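What follows is run-v1.cif (mmCIF, C-alpha atoms).
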data_query
loop_
_atom_site.label_atom_id
_atom_site.label_comp_id
_atom_site.auth_asym_id
_atom_site.auth_seq_id
_atom_site.Cartn_x
_atom_site.Cartn_y
_atom_site.Cartn_z
CA MET A 208 99.87 124.85 101.98
CA ILE A 209 100.38 123.48 98.50
CA ALA A 210 102.20 126.17 96.57
CA GLY A 211 100.57 126.87 93.24
CA SER A 212 101.51 129.30 90.51
CA ARG A 213 99.20 130.53 87.87
CA SER A 214 100.90 130.48 84.50
CA ARG A 215 99.62 132.69 81.79
CA SER A 216 100.83 132.17 78.26
CA GLY A 217 100.30 135.88 77.74
CA GLY A 218 103.63 136.42 79.45
CA ILE A 219 105.61 135.42 76.41
CA ALA A 220 107.32 138.27 74.66
CA LEU A 221 106.90 137.91 70.95
CA GLU A 222 109.35 139.39 68.53
CA HIS A 223 106.94 140.13 65.78
CA ALA A 224 103.84 140.38 67.79
CA SER A 225 100.78 140.80 65.70
CA ILE A 226 98.50 139.49 68.34
CA SER A 227 97.62 141.08 71.63
CA PRO A 228 98.04 139.37 75.00
CA ALA A 229 94.28 139.08 75.36
CA GLU A 230 94.14 136.75 72.36
CA VAL A 231 96.96 134.59 73.68
CA LEU A 232 95.31 133.95 77.03
CA PRO A 233 93.46 130.66 77.04
CA ASP A 234 89.71 130.65 77.24
CA VAL A 235 88.67 130.61 80.88
CA ASP A 236 86.20 127.82 80.12
CA TRP A 237 88.76 125.12 79.59
CA LEU A 238 91.18 126.12 82.31
CA PRO A 239 91.31 123.13 84.67
CA GLN A 240 89.46 123.68 87.93
CA ALA A 241 91.91 124.49 90.67
CA PRO A 242 91.56 121.74 93.24
CA TRP A 243 90.26 122.47 96.67
CA ILE A 244 91.97 121.20 99.79
CA THR A 245 90.97 120.44 103.35
CA ILE A 246 93.35 121.69 106.02
CA VAL A 247 93.38 120.44 109.58
CA TRP A 248 94.77 122.91 112.10
CA ASN A 249 96.65 122.14 115.29
CA ASP A 250 94.98 122.75 118.60
CA PRO A 251 96.29 122.23 122.12
CA VAL A 252 93.49 119.93 123.29
CA ASN A 253 93.09 117.12 120.79
CA LEU A 254 95.10 113.99 121.54
CA MET A 255 97.57 112.83 118.92
CA SER A 256 96.08 109.36 119.12
CA TYR A 257 92.62 110.78 118.53
CA VAL A 258 93.64 112.84 115.52
CA THR A 259 95.32 109.78 113.99
CA HIS A 260 92.21 107.73 114.73
CA VAL A 261 89.96 110.29 113.03
CA PHE A 262 92.08 110.34 109.87
CA MET A 263 91.88 106.56 109.68
CA VAL A 264 88.14 106.42 110.32
CA LEU A 265 87.10 109.28 108.04
CA PHE A 266 89.45 108.83 105.13
CA GLY A 267 90.44 105.18 105.36
CA TYR A 268 94.10 106.08 105.62
CA SER A 269 96.58 103.51 106.88
CA ARG A 270 97.90 104.05 110.37
CA GLU A 271 101.22 105.10 108.87
CA ARG A 272 99.75 107.75 106.61
CA ALA A 273 97.38 109.00 109.29
CA THR A 274 100.28 109.30 111.73
CA VAL A 275 102.41 111.24 109.25
CA LEU A 276 99.56 113.71 108.70
CA MET A 277 98.90 114.00 112.43
CA LEU A 278 102.56 114.74 113.08
CA GLN A 279 102.49 117.37 110.39
CA VAL A 280 99.54 119.04 112.11
CA HIS A 281 101.33 118.78 115.42
CA ASN A 282 104.76 120.00 114.29
CA GLU A 283 103.90 122.42 111.52
CA GLY A 284 100.59 123.71 112.81
CA ARG A 285 98.53 122.38 109.91
CA ALA A 286 98.32 119.69 107.27
CA VAL A 287 96.45 119.16 104.03
CA VAL A 288 94.49 115.99 104.58
CA THR A 289 92.36 115.68 101.44
CA SER A 290 91.92 117.37 98.08
CA GLY A 291 89.27 117.37 95.41
CA SER A 292 86.19 119.31 94.43
CA ARG A 293 84.78 122.04 96.58
CA GLU A 294 81.72 119.96 97.43
CA GLU A 295 83.89 117.03 98.51
CA MET A 296 86.02 119.29 100.72
CA GLU A 297 82.94 120.83 102.33
CA ARG A 298 81.77 117.34 103.21
CA ASP A 299 85.18 116.47 104.64
CA VAL A 300 85.29 119.64 106.74
CA GLU A 301 81.81 118.96 108.06
CA ARG A 302 82.80 115.44 109.05
CA LEU A 303 86.01 116.63 110.69
CA HIS A 304 84.05 119.22 112.70
CA ALA A 305 81.70 116.46 113.84
CA TYR A 306 84.77 114.77 115.34
CA GLY A 307 85.96 117.99 116.97
CA LEU A 308 88.91 118.67 114.71
CA TRP A 309 89.28 122.20 113.42
CA ALA A 310 89.37 122.14 109.63
CA THR A 311 88.95 124.65 106.85
CA LEU A 312 88.82 124.38 103.08
CA GLU A 313 90.40 126.54 100.44
CA GLN A 314 91.36 126.55 96.80
CA THR A 315 94.99 125.86 96.04
CA PHE A 316 95.43 129.02 94.04
CA MET B 95 89.06 102.89 138.79
CA SER B 96 87.58 102.32 135.41
CA SER B 97 88.47 99.27 133.41
CA PHE B 98 87.75 97.83 130.03
CA ALA B 99 86.73 94.31 129.04
CA LYS B 100 86.31 93.04 125.52
CA SER B 101 82.82 91.80 124.85
CA ASN B 102 81.55 89.90 121.84
CA ARG B 103 81.70 92.86 119.51
CA GLY B 104 82.91 95.98 121.26
CA LEU B 105 83.73 96.43 124.87
CA ILE B 106 82.30 96.77 128.35
CA LEU B 107 83.35 99.94 130.08
CA HIS B 108 83.38 99.85 133.86
CA LEU B 109 83.23 103.21 135.62
CA ASP B 110 83.39 103.40 139.39
CA ALA B 111 81.11 105.40 141.67
CA THR B 112 83.36 108.46 141.68
CA GLU B 113 83.80 108.60 137.93
CA VAL B 114 80.16 108.37 136.91
CA PRO B 115 79.12 111.65 138.58
CA VAL B 116 82.12 113.47 137.09
CA LEU B 117 81.24 112.34 133.59
CA ARG B 118 77.57 113.00 134.20
CA SER B 119 78.08 116.54 135.49
CA PHE B 120 80.39 117.70 132.70
CA ALA B 121 78.29 116.04 130.02
CA THR B 122 75.18 117.76 131.41
CA GLU B 123 76.94 121.12 131.52
CA VAL B 124 78.21 120.93 127.94
CA LEU B 125 74.89 119.59 126.66
CA GLU B 126 73.20 122.61 128.24
CA VAL B 127 75.59 124.98 126.46
CA ILE B 128 74.90 123.33 123.10
CA THR B 129 71.14 123.16 123.68
CA ALA B 130 70.98 126.80 124.77
CA ARG B 131 72.25 127.90 121.38
CA ASP B 132 69.54 125.79 119.80
CA GLN B 133 66.92 127.61 121.83
CA ALA B 134 68.43 130.97 121.05
CA LEU B 135 67.59 130.17 117.45
CA GLY B 136 64.02 129.39 118.50
CA GLY B 137 62.62 132.59 117.08
CA GLU B 138 63.76 131.83 113.56
CA ASP B 139 61.74 130.92 110.52
CA PRO B 140 60.03 127.53 111.15
CA LEU B 141 60.27 126.62 107.51
CA ALA B 142 63.99 127.23 107.54
CA ARG B 143 64.24 125.01 110.61
CA MET B 144 62.32 122.25 108.85
CA VAL B 145 64.76 122.13 105.98
CA GLU B 146 67.66 122.41 108.40
CA ILE B 147 68.85 125.84 107.34
CA SER B 148 70.06 127.96 110.20
CA THR B 149 69.28 131.66 110.00
CA ASN B 150 72.12 132.32 112.40
CA ASP B 151 75.32 132.37 110.45
CA LYS B 152 77.84 133.99 112.74
CA LEU B 153 80.66 132.38 114.68
CA PRO B 154 79.18 131.93 118.16
CA GLU B 155 80.22 134.45 120.80
CA ASN B 156 80.34 131.76 123.45
CA PRO B 157 83.94 130.46 123.19
CA ILE B 158 82.90 126.86 123.85
CA LEU B 159 80.40 126.97 121.02
CA ALA B 160 82.93 128.76 118.83
CA ARG B 161 85.31 125.86 119.31
CA LEU B 162 82.65 123.21 118.71
CA PHE B 163 81.29 125.01 115.67
CA PRO B 164 84.30 126.74 114.10
CA ASN B 165 84.42 128.55 110.77
CA ALA B 166 85.04 126.39 107.72
CA TYR B 167 86.38 129.19 105.55
CA ASP B 168 88.76 132.08 106.11
CA ASP B 169 86.37 134.31 104.19
CA GLU B 170 83.55 135.49 106.46
CA GLN B 171 80.86 135.38 103.82
CA LEU B 172 81.73 131.87 102.68
CA ALA B 173 81.95 130.77 106.31
CA SER B 174 78.48 132.18 106.99
CA GLU B 175 76.99 130.42 104.00
CA PHE B 176 78.55 127.12 105.03
CA ARG B 177 77.36 127.59 108.60
CA ARG B 178 73.81 128.32 107.47
CA TYR B 179 73.59 125.02 105.64
CA THR B 180 75.51 122.71 107.96
CA GLU B 181 75.20 123.92 111.53
CA THR B 182 71.77 122.52 112.32
CA SER B 183 72.83 119.03 111.35
CA LEU B 184 76.22 119.28 113.08
CA HIS B 185 74.43 120.57 116.13
CA GLY B 186 72.08 117.59 116.13
CA LYS B 187 74.95 115.13 115.84
CA LYS B 188 76.84 116.60 118.76
CA GLU B 189 73.73 116.89 120.91
CA GLN B 190 72.80 113.29 120.21
CA ALA B 191 76.24 111.91 121.04
CA ILE B 192 76.37 113.61 124.44
CA ALA B 193 72.72 112.84 125.21
CA ASN B 194 73.23 109.15 124.41
CA LEU B 195 76.29 109.07 126.63
CA LEU B 196 74.28 110.65 129.47
CA HIS B 197 71.43 108.20 129.02
CA SER B 198 73.76 105.25 129.40
CA LEU B 199 74.92 106.46 132.81
CA PRO B 200 73.07 105.53 136.03
CA LEU B 201 71.94 108.34 138.32
CA SER B 202 74.31 107.12 141.01
CA GLY B 203 76.80 104.40 141.76
CA ALA B 204 79.14 102.56 139.43
CA ALA B 205 78.31 101.60 135.84
CA SER B 206 79.07 98.83 133.38
CA ILE B 207 78.34 100.11 129.92
CA LYS B 208 78.34 97.86 126.87
CA LEU B 209 79.58 99.68 123.79
CA ASP B 210 79.53 98.31 120.26
CA GLU B 211 81.47 99.90 117.39
CA ASP B 212 78.95 102.69 116.93
CA GLY B 213 78.78 103.25 120.65
CA ILE B 214 82.53 103.59 120.89
CA ASP B 215 82.51 106.08 118.02
CA GLU B 216 79.73 108.09 119.65
CA TRP B 217 81.45 108.12 123.02
CA LEU B 218 84.71 109.22 121.41
CA ARG B 219 83.01 112.16 119.72
CA ALA B 220 81.08 113.10 122.85
CA ILE B 221 84.12 112.87 125.10
CA ASN B 222 86.16 114.90 122.66
CA ASP B 223 83.58 117.68 122.73
CA LEU B 224 83.68 117.57 126.53
CA ARG B 225 87.47 117.89 126.42
CA LEU B 226 87.26 120.78 123.99
CA ALA B 227 84.80 122.55 126.30
CA LEU B 228 87.02 121.95 129.32
CA GLY B 229 89.96 123.14 127.28
CA VAL B 230 88.18 126.45 126.81
CA ILE B 231 87.21 126.67 130.50
CA LEU B 232 90.78 125.95 131.57
CA ASP B 233 92.20 128.13 128.80
CA ILE B 234 94.43 125.27 127.66
CA ASP B 235 97.23 126.27 125.31
CA GLU B 236 100.65 124.95 124.32
CA ASN B 237 102.15 126.07 127.65
CA SER B 238 99.48 124.62 129.89
CA ASP B 239 101.60 121.69 131.05
CA LYS B 240 103.95 124.12 132.75
CA ARG B 241 101.13 126.30 134.06
CA PHE B 242 99.30 123.39 135.65
CA ALA B 243 102.32 121.46 136.90
CA ASP B 244 101.94 122.83 140.42
CA THR B 245 98.17 122.90 140.66
CA LYS B 246 97.11 121.72 144.09
CA GLU B 247 93.86 120.39 145.49
CA GLU B 248 92.96 123.74 147.02
CA ASP B 249 93.25 125.48 143.63
CA PRO B 250 89.86 126.23 142.08
CA GLU B 251 90.92 124.64 138.79
CA PHE B 252 92.12 121.38 140.33
CA TYR B 253 88.88 119.45 140.02
CA THR B 254 88.27 120.56 136.44
CA LEU B 255 91.86 119.79 135.52
CA GLN B 256 91.65 116.28 136.96
CA ALA B 257 88.47 115.69 134.98
CA PHE B 258 90.20 116.96 131.83
CA TYR B 259 93.11 114.53 132.27
CA TRP B 260 90.81 111.64 133.14
CA LEU B 261 88.66 112.24 130.04
CA GLY B 262 91.84 112.15 127.96
CA TRP B 263 92.81 108.83 129.54
CA LEU B 264 89.31 107.46 128.90
CA GLN B 265 89.49 108.61 125.30
CA GLU B 266 92.88 106.99 124.71
CA ASN B 267 91.59 103.70 126.07
CA LEU B 268 88.48 103.79 123.90
CA ILE B 269 90.65 104.45 120.85
CA GLU B 270 92.68 101.35 121.64
CA HIS B 271 89.50 99.32 121.31
CA ALA B 272 88.39 100.96 118.08
CA THR B 273 88.38 98.88 114.93
CA TYR B 274 89.18 100.06 111.41
#
Can the structure from this file be put into structure tokens for me?
Amino acid sequence: MIAGSRSRSGGIALEHASISPAEVLPDVDWLPQAPWITIVWNDPVNLMSYVTHVFMVLFGYSRERATVLMLQVHNEGRAVVTSGSREEMERDVERLHAYGLWATLEQTF
Amino acid sequence: MSSFAKSNRGLILHLDATEVPVLRSFATEVLEVITARDQALGGEDPLARMVEISTNDKLPENPILARLFPNAYDDEQLASEFRRYTETSLHGKKEQAIANLLHSLPLSGAASIKLDEDGIDEWLRAINDLRLALGVILDIDENSDKRFADTKEEDPEFYTLQAFYWLGWLQENLIEHATY
């Protein structure tokens, strides 16, 4: 999982504070959208060659990149295969399910 | 023994007279499981069906269906919402792939099946769903190799296990002929 940390400028201790933390926090509106990610989980049935194949077919990855991701799924139990907007990740998960891979989506933080 | 021959664009898959019935019987069985869920939803709102929204939003109780239609989110509510909007279409795709595979098989004897790019893709998806279903039936996990190492012909799981391995071999060979 991509490790993310939320930084809040309200954590700064000010010597001569005349403003309250609430005023220091940025407006929620312009906080960048946290990216969503698609995770593929390991399972004991799917062939390594098939998982690699699916990554190439669905995402256009090179064989090398697809193999690296597949090995990550195999060895570490999971791998982040794509990232982007929530809608894009939902589409990716749906496509992965159509190929029998188990995938979920989540926000990075 | 099955064999593969490259045709103009795609391949010709030769299955012998013992392999066709194996593929046919497991494909029929899994198709029935998938279709049964469809019918279980038969009592739902016809309008919802028309716009492809499922009113059933729970992870299926049947373990085969649960594996073929897993949750997309950790959060139950988000998973239900996603399922409601995507399951009908996913269902249709999986049903179609297995049905098309079945329709290309003769009722008996050997078969020579011509598969183009789309056909190979469809067969790969169908066969993978069959393997997932068999994986549930056989309770395949990371230690299964050890568990099944001594399985003999008289064991009740032998036939199913052989089919599971053979489907994996078939899948690997189809992948070799896939183009990117």
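Proximity to A:Ala273 at 7 Å, evaluated using only C-alpha atoms and with sequence-adjacent residues fewer than 5 positions away removed, yields Thr259, Phe262, Met263 and Tyr268 of chain A.
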Item to check | Selection under test: the PyMOL selection byres ((chain B) within 10 of (chain A)); residues as a PyMOL selection string | outcome: chain B and resi 161-169+173+176-177+180-181+183-188+215-216+218-230+233-238+258+262-263+265-266+268-270+272-274
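Considering the residues A:Trp248, A:Leu265, A:Thr315, A:Val258 and counting all atoms listed in the file, A:Ser292 has its shortest atom-to-atom contact with A:Thr315.
Between B:Glu113 and the candidates B:Ala160, B:Asp210, B:Asp151, B:Leu199, the tightest atom-to-atom separation, counting all atoms listed in the file, involves B:Leu199.
A straight line drawn from atom CA of B:Leu107 to atom CA of B:Ile214 is 9.9 Å long.
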Checklist entry - atom CA of B:Leu153 and atom CA of B:Leu172 are how many Å apart? => result 12.1 Å
Next on the checklist: Which residues are close to A:Val287, i.e. within 8 Å by only C-alpha atoms, leaving aside same-chain residues fewer than 2 positions away? Reply as a PyMOL selection string.
Outcome noted: chain A and resi 208+244-247+276+285+289-290
Keeping C-alpha atoms for every residue in the selection just given, could you write it to a file as a PDB file, keeping the file's coordinate frame?
ATOM      1  CA  MET A 208      99.870 124.850 101.980  1.00  0.00           C
ATOM      2  CA  ILE A 244      91.970 121.200  99.790  1.00  0.00           C
ATOM      3  CA  THR A 245      90.970 120.440 103.350  1.00  0.00           C
ATOM      4  CA  ILE A 246      93.350 121.690 106.020  1.00  0.00           C
ATOM      5  CA  VAL A 247      93.380 120.440 109.580  1.00  0.00           C
ATOM      6  CA  LEU A 276      99.560 113.710 108.700  1.00  0.00           C
ATOM      7  CA  ARG A 285      98.530 122.380 109.910  1.00  0.00           C
ATOM      8  CA  THR A 289      92.360 115.680 101.440  1.00  0.00           C
ATOM      9  CA  SER A 290      91.920 117.370  98.080  1.00  0.00           C
TER      10      SER A 290
END
As AutoDock Vina command-line options: centre and edge lengths in Å, one decimal, of the axis-aligned box holding stretch 310-314 of chain A with 6 Å per side:
--center_x 90.1 --center_y 124.3 --center_z 103.2 --size_x 14.5 --size_y 16.4 --size_z 24.8
Item to check | Nearest-residue call for A:Gly284, choices A:Asp299, A:Trp243, A:Asn249, A:Phe316, using all atoms listed in the file | outcome: A:Asn249
Checklist entry - To one decimal place, how far is atom CA of B:Thr129 from atom CA of B:Thr182 in Å? => result 11.4 Å
Item to check | Distance criterion (only C-alpha atoms): nearest to B:Phe98 out of B:Asp110, B:Asp212, B:Tyr179, B:Gln171 | outcome: B:Asp110
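Residue nearest B:Arg118 within the list B:Leu201, B:Leu255, B:Ser97, B:Gly213: B:Leu201 [criterion: smallest interatomic distance, all atoms listed in the file].
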